[in-house]
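See structure below.
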Protein chains: 2
Amino acid sequence: MINTPSSWFDERFQNASSIGYRINKRLHHSVSPYQTVEIYETADFGNLLVLDGAIMLTEAHEFLYHELLVHIPLLSHPKPETILVVGGGDGGTVREVLLHDTVRRVDMVEIDEEVVKVSRLFLPGLANKLDDPKVNLVIQDAVEFVQGLDQVYDVVLVDSTDPIGPGEGLFSRAFYTEVKKALKPGGLVAVQSESPFSLQKEPATILEKMRSIFPLAKLYWGPIPCYPFGAWSFAFCAKDGHEPVVRRPEAAKTIEGSARYYNRDIHIAAFVLPNFMRSF
Amino acid sequence: MINTPSSWFDERFQNASSIGYRINKRLHHSVSPYQTVEIYETADFGNLLVLDGAIMLTEAHEFLYHELLVHIPLLSHPKPETILVVGGGDGGTVREVLLHDTVRRVDMVEIDEEVVKVSRLFLPGLANKLDDPKVNLVIQDAVEFVQGLDQVYDVVLVDSTDPIGPGEGLFSRAFYTEVKKALKPGGLVAVQSESPFSLQKEPATILEKMRSIFPLAKLYWGPIPCYPFGAWSFAFCAKDGHEPVVRRPEAAKTIEGSARYYNRDIHIAAFVLPNFMRSF
């Protein structure tokens with residue numbers, strides 16, 4: 001919503017808490033077959049992507065989410081060559097994946113072409129790697145896309161919206177059962193798994209589901225100022241039970257050299273859970 | 001501000017970003033000689049303390065701030081007996097300090113008696129340890145209180161408001177020079193040092209100041225959903241350069257047993273800084 005004369009975009013999360021930004025103007029509004037897509041220019045944090053009223057990212061802070069989602073699983077894999085990105089229409093996840101020089105192919109499966117179009121226009125710093133020759137962009141529901149795939153990917157990154165709306169199927173047991181089959185031996189998955197402070201405790205629910213499918217599933221977390229409660233969790237899952245340790249120290253050193261959040265100490269610390277999360 | 005009919009309290013931080021809660025009603029409003037003091041009942045996160053329009057705490061999440069501010073320095077000290085709490089009128093810091101059975105005396109120096117009065121009424125879960133016989137509550141400006149003190153305290157905890165308004169003097173070089181003198185040999189300090197995501201980079205400024213006074217000063221951090229950007233930093237300072245490691249493992253194990261945030265792994269991980277904070 002926009003309040004005038006002083007304009008703010010406030011996300012009222014679950015009618016309980018809110019996070020907002022002062023905005024200069026709304027740059028874009030459209031309604032796709034899946035959701036409303038909006039871009040606002042904030043006063044201080046760059047452009048803001050909003051889907052169905054929920055803040056997805058600000059240009060100022062998107063590095064936190066994308067570095068956490070991508071570098072932890074990719075550097076925990078000994079040789080990530082083929083990657084599946086589920087969702088991630090803004091392009092930020094693909095951008096970080098392409099920093100890893102082992103990667104030969106990235107299949108990005110986004111259900112909503114409108115998000116990609118709008119991101120190319122208003123979030124070029126995220127979307128400008130979507131034309132890389134290694135990237136195969138598929139506009140399709142990932143739930144269908146993964147059906148029947150057998151040992152195709154080294155790493156699957158699930159960069160979805162919340163478990164309501166178009167992202168709902170991406171939190172189902174059926175989907176992750178297919179994702180597991182689609183992984184090569186030693187394959188890894190990282191999934192955005194909602195806020196540790198959410199009243200609904202989605203991270204606990206997601207972790208429990210993952211543990212029933214994968215021999216190893218662990219939560220990690222970091223600060224994301226534009227998401228509800230300002231902290232966010234991710235579920236790391238390993239097809240063959242491999243721990244989320246740095247498997248390519250030289251590559252990690254290189255990534256660390258240009259990253260704004262990730263470093264090898266953070267790789268370990270991100271898995272250190274406060275007591276209230278240990279009980280998840 | 002209160003918007004009707006759906007009522008929210010939104011803190012508009014530096015006219016750039018906002019955090020808010022849906023509220024049932026305002027329980028208290030007064031104007032002390034130092035600031036406006038308000039209590040709101042939120043719909044989902046307990047009572048909310050607001051000073052001069054800035055959110056200080058919610059009952060649901062205050063444990064994060066208080067455990068981080070208190071347990072890390074107290075468990076890094078071999079035998080913390082005498083403690084100075086600067087500010088902290090809500091009582092949460094004192095409550096956590098008293099969990100440490102080495103502690104014999106806590107001087108709490110709060111400039112604004114109104115905050116203490118209001119907290120006793122509306123935040124009993126925080127303020128109810130202020131009557132403990134070990135606690136010496138002093139209503140005074142801590143800048144005056146520390147003048148001329150010589151080797152009195154094992155640990156000083158600075159639980160202040162922001163560096164504007166009544167808390168301003170608590171960020172001055174003169175104050176920390178006196179605090180250092182007031183520490184016994186081996187003494188430690190922890191100071192709330194603002195958000196790592198603040199556009200003004202206060203943590204960097206505070207750290208630089210501390211490093212010019214103490215032989216060791218390091219930032220640590222954690223998630224605080226009700227503070228701007230949802231993440232907060234603290235400066236750990238050591239009069240004689242001692243590192244912030246657990247010096248009393250048995251006590252740490254006991255604290256960990258009842259804490260909701262703190263554990264011995266978090267004690268280490270809280271000092272692991274993302275790249276953008278390493279450059280502070």
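As shown in the structure tokens, the chain order sets the letters A, B, ...; within each chain, residues go from 1, and ligands are also counted from 1 in the order they appear.
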> So which bits of segment 18-226 of chain A end up alpha helix (DSSP H) when you DSSP the backbone, as number ranges by chain?
Replying inline: A: 62-75, 92-97, 113-122, 124-127, 142-145, 173-182, 202-213
Taking only residues of chain A that have an atom at most 7 Å from an atom of chain B, what is each one's shortest atom pair and its distance in Å to one decimal, using only C-alpha atoms, in chain and number order, as a tab-separated table?
residue	atom	partner	partner_atom	distance
A:Asn15	CA	B:Arg22	CA	6.9
A:Ala16	CA	B:Arg22	CA	5.2
A:Ser17	CA	B:Tyr21	CA	4.3
A:Ser18	CA	B:Gly20	CA	4.7
A:Ile19	CA	B:Ile19	CA	4.6
A:Gly20	CA	B:Ser18	CA	4.7
A:Tyr21	CA	B:Ser17	CA	4.3
A:Arg22	CA	B:Ala16	CA	5.2
A:Ala43	CA	B:Ala16	CA	6.7
A:Asp44	CA	B:Ala16	CA	6.3
A:Pro223	CA	B:Ala231	CA	6.4
A:Pro225	CA	B:Phe229	CA	4.5
A:Phe229	CA	B:Pro225	CA	4.5
A:Gly230	CA	B:Gly230	CA	4.2
A:Ala231	CA	B:Pro223	CA	6.4
A:Ala259	CA	B:Asn275	CA	6.9
A:Arg260	CA	B:Asn275	CA	5.0
A:Tyr261	CA	B:Pro274	CA	4.6
A:Tyr262	CA	B:Pro274	CA	6.1
A:Asn263	CA	B:Asn275	CA	6.6
A:Asp265	CA	B:Val272	CA	6.4
A:Ile266	CA	B:Val272	CA	6.3
A:Ala269	CA	B:Ala269	CA	5.1
A:Val272	CA	B:Ile266	CA	6.3
A:Pro274	CA	B:Tyr261	CA	4.6
A:Asn275	CA	B:Tyr261	CA	5.0
A:Phe276	CA	B:Arg260	CA	5.2
Expected file: the selected residues, N, CA and C atoms, as a compact mmCIF listing (two decimals), in the first residue's frame:
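Resulting contents of selection_25.txt:
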# COMPACT_ATOMS: atom_id res chain seq x y z
N ASN A 15 -0.63 -10.26 9.21
CA ASN A 15 -1.40 -9.33 10.04
C ASN A 15 -0.85 -9.21 11.47
N ALA A 16 0.47 -9.40 11.62
CA ALA A 16 1.06 -9.41 12.96
C ALA A 16 2.24 -8.44 13.07
N SER A 17 3.15 -8.49 12.10
CA SER A 17 4.31 -7.60 12.13
C SER A 17 4.52 -7.02 10.75
N SER A 18 5.27 -5.91 10.69
CA SER A 18 5.46 -5.28 9.39
C SER A 18 6.89 -4.84 9.20
N ILE A 19 7.29 -4.79 7.93
CA ILE A 19 8.57 -4.21 7.53
C ILE A 19 8.27 -3.32 6.34
N GLY A 20 8.89 -2.14 6.32
CA GLY A 20 8.59 -1.24 5.22
C GLY A 20 9.77 -0.35 4.85
N TYR A 21 9.60 0.30 3.73
CA TYR A 21 10.62 1.21 3.21
C TYR A 21 9.96 2.48 2.71
N ARG A 22 10.63 3.59 2.88
CA ARG A 22 10.16 4.82 2.26
C ARG A 22 10.45 4.73 0.77
N ALA A 43 13.73 5.01 -1.19
CA ALA A 43 14.54 6.22 -1.02
C ALA A 43 16.00 5.88 -0.79
N ASP A 44 16.26 4.76 -0.12
CA ASP A 44 17.63 4.50 0.35
C ASP A 44 18.19 3.12 0.04
N PRO A 223 20.94 -13.05 8.42
CA PRO A 223 20.07 -11.87 8.49
C PRO A 223 19.60 -11.44 7.11
N PRO A 225 17.30 -8.28 6.15
CA PRO A 225 16.51 -7.19 6.72
C PRO A 225 15.13 -7.00 6.11
N PHE A 229 10.70 -10.42 10.31
CA PHE A 229 11.53 -10.63 11.50
C PHE A 229 13.03 -10.44 11.23
N GLY A 230 13.41 -10.19 9.98
CA GLY A 230 14.80 -9.82 9.69
C GLY A 230 15.81 -10.95 9.72
N ALA A 231 15.37 -12.18 9.97
CA ALA A 231 16.28 -13.33 9.93
C ALA A 231 15.60 -14.41 9.11
N ALA A 259 32.82 -11.78 -2.21
CA ALA A 259 31.50 -11.81 -1.55
C ALA A 259 31.38 -10.69 -0.53
N ARG A 260 30.14 -10.32 -0.24
CA ARG A 260 29.89 -9.30 0.78
C ARG A 260 29.40 -9.94 2.08
N TYR A 261 28.87 -11.14 2.01
CA TYR A 261 28.44 -11.85 3.23
C TYR A 261 29.30 -13.09 3.49
N TYR A 262 29.43 -13.92 2.46
CA TYR A 262 30.06 -15.23 2.64
C TYR A 262 31.55 -15.15 2.94
N ASN A 263 31.99 -15.92 3.90
CA ASN A 263 33.40 -16.27 4.05
C ASN A 263 33.45 -17.66 4.70
N ASP A 265 34.53 -18.78 7.48
CA ASP A 265 34.06 -18.85 8.88
C ASP A 265 32.54 -18.78 8.96
N ILE A 266 31.96 -17.93 8.10
CA ILE A 266 30.49 -17.85 8.04
C ILE A 266 29.88 -19.17 7.58
N ALA A 269 29.65 -20.92 10.77
CA ALA A 269 28.81 -20.23 11.76
C ALA A 269 27.34 -20.21 11.37
N VAL A 272 25.42 -22.81 13.09
CA VAL A 272 25.34 -22.78 14.56
C VAL A 272 23.98 -22.18 14.93
N PRO A 274 20.90 -21.00 17.48
CA PRO A 274 20.51 -20.62 18.84
C PRO A 274 19.64 -21.72 19.46
N ASN A 275 19.58 -21.71 20.78
CA ASN A 275 18.80 -22.77 21.45
C ASN A 275 17.39 -22.93 20.91
N PHE A 276 16.70 -21.82 20.68
CA PHE A 276 15.28 -21.95 20.26
C PHE A 276 15.16 -22.60 18.89
> Any idea what's packed within 12 Å of segment 128-133 of chain A, counting only C-alpha atoms, ignoring anything in its chain fewer than 2 positions away? Could you give it as number ranges by chain?
Replying inline: A: 85, 88-99, 103-110, 116-126, 135-138
Just write the chosen residues, C-alpha atoms, as a short mmCIF file (atom, residue, chain, number, x, y, z; two decimals), in the first residue's frame.
data_model
loop_
_atom_site.label_atom_id
_atom_site.label_comp_id
_atom_site.auth_asym_id
_atom_site.auth_seq_id
_atom_site.Cartn_x
_atom_site.Cartn_y
_atom_site.Cartn_z
CA VAL A 85 17.54 -23.34 -9.81
CA GLY A 88 14.58 -17.34 -8.61
CA GLY A 89 13.02 -15.32 -11.44
CA ASP A 90 14.90 -12.19 -10.42
CA GLY A 91 18.17 -13.79 -11.50
CA GLY A 92 20.17 -13.22 -8.32
CA THR A 93 20.62 -16.90 -7.60
CA VAL A 94 21.87 -17.67 -11.12
CA ARG A 95 24.28 -14.72 -10.89
CA GLU A 96 25.91 -16.21 -7.79
CA VAL A 97 25.93 -19.75 -9.24
CA LEU A 98 27.90 -18.53 -12.26
CA LEU A 99 30.68 -17.31 -9.98
CA VAL A 103 29.54 -24.99 -13.27
CA ARG A 104 28.82 -26.09 -16.84
CA ARG A 105 25.03 -25.77 -16.99
CA VAL A 106 22.32 -24.07 -14.99
CA ASP A 107 18.70 -24.98 -15.60
CA MET A 108 16.51 -22.28 -14.13
CA VAL A 109 12.84 -23.22 -13.90
CA GLU A 110 10.59 -20.29 -13.09
CA VAL A 116 11.85 -12.53 -15.27
CA LYS A 117 10.71 -9.80 -17.68
CA VAL A 118 10.25 -7.24 -14.92
CA SER A 119 13.57 -8.13 -13.29
CA ARG A 120 15.43 -7.68 -16.57
CA LEU A 121 14.00 -4.17 -16.76
CA PHE A 122 14.25 -3.01 -13.16
CA LEU A 123 16.81 -5.26 -11.48
CA PRO A 124 19.59 -5.49 -14.06
CA GLY A 125 22.21 -6.15 -11.38
CA LEU A 126 20.44 -9.41 -10.63
CA VAL A 135 21.96 -20.80 -18.49
CA ASN A 136 18.92 -22.67 -19.75
CA LEU A 137 15.85 -20.69 -18.73
CA VAL A 138 12.65 -22.75 -18.64
#
> Can you list, as a VMD selection string, every protein, DNA or RNA residue that comes within 8 Å of Leu170 of chain A when you count only C-alpha atoms, leaving out same-chain residues fewer than 6 positions away?
Replying inline: chain A and resid 142 to 143 158 160 163 176
Would you mind exporting the chosen residues as a PDB file, in the first residue's frame, restricted to N, CA and C atoms?
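Contents of the output file part01.pdb:
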ATOM      1  N   ALA A 142       8.029 -25.992 -11.707  1.00  0.00           N
ATOM      2  CA  ALA A 142       9.124 -26.909 -11.383  1.00  0.00           C
ATOM      3  C   ALA A 142       8.610 -28.257 -10.888  1.00  0.00           C
ATOM      4  N   VAL A 143       7.415 -28.277 -10.329  1.00  0.00           N
ATOM      5  CA  VAL A 143       6.831 -29.540  -9.875  1.00  0.00           C
ATOM      6  C   VAL A 143       6.675 -30.505 -11.060  1.00  0.00           C
ATOM      7  N   VAL A 158      16.421 -24.200  -4.267  1.00  0.00           N
ATOM      8  CA  VAL A 158      15.003 -23.865  -4.320  1.00  0.00           C
ATOM      9  C   VAL A 158      14.809 -22.441  -3.787  1.00  0.00           C
ATOM     10  N   SER A 160      12.255 -20.162  -3.779  1.00  0.00           N
ATOM     11  CA  SER A 160      10.805 -20.044  -3.983  1.00  0.00           C
ATOM     12  C   SER A 160      10.215 -18.889  -3.196  1.00  0.00           C
ATOM     13  N   PRO A 163       5.207 -20.630   1.258  1.00  0.00           N
ATOM     14  CA  PRO A 163       4.425 -21.858   1.014  1.00  0.00           C
ATOM     15  C   PRO A 163       2.931 -21.626   0.777  1.00  0.00           C
ATOM     16  N   TYR A 176       9.960 -32.979  -3.286  1.00  0.00           N
ATOM     17  CA  TYR A 176      11.323 -33.279  -2.818  1.00  0.00           C
ATOM     18  C   TYR A 176      11.730 -34.727  -3.067  1.00  0.00           C
TER      19      TYR A 176
END
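Minimum distance to Leu84 of chain B across B:Gly187, B:Pro215, B:Pro249, B:Pro203 (counting only C-alpha atoms) occurs at B:Gly187.
Comparing A:Ile255, A:Val86, A:Val245, A:Val31 by their smallest distance to Thr161 of chain A, the closest is A:Val86 (using only C-alpha atoms).
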>> Considering only strand (DSSP E or B) as DSSP defines it on the backbone, what residues of segment 74-234 of chain A qualify? List them as a ChimeraX atom specification.
In response: /A:82-87,105-110,135-139,153-159,183-192,216-223,231-234
> Hey, what's within 10 Å of Glu178 of chain B if we count only C-alpha atoms and toss same-chain stuff fewer than 4 positions away? As a ChimeraX atom specification, please?
Replying inline: /B:143-150,173-174,182-183
>> Can you pull out the residues contacting Ser193 of chain A? Cut-off 12 Å, using only C-alpha atoms, and skip same-chain residues under 5 positions away; I want them as a PyMOL selection string.
In response: chain A and resi 65+69+157-163+167+170-171+198+200-210+217-222+227+231-237
> Using only C-alpha atoms, which of the listed residues (B:Pro73, B:Pro80, B:Gly53, B:Pro166) sits closest to Val191 of chain B?
Replying inline: B:Pro73
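If only C-alpha atoms are the atoms counted, then among B:Ser76, B:Thr82, B:Gln192, B:Gln35 the closest residue to Pro244 of chain B is B:Ser76.
Between atom CA of Glu113 of chain B and atom CA of Gly87 of chain B there is a distance of 10.3 Å.
Our summary of the geometry notes that atom CA of Leu51 of chain A is positioned 28.2 Å from atom CA of Asn24 of chain B.
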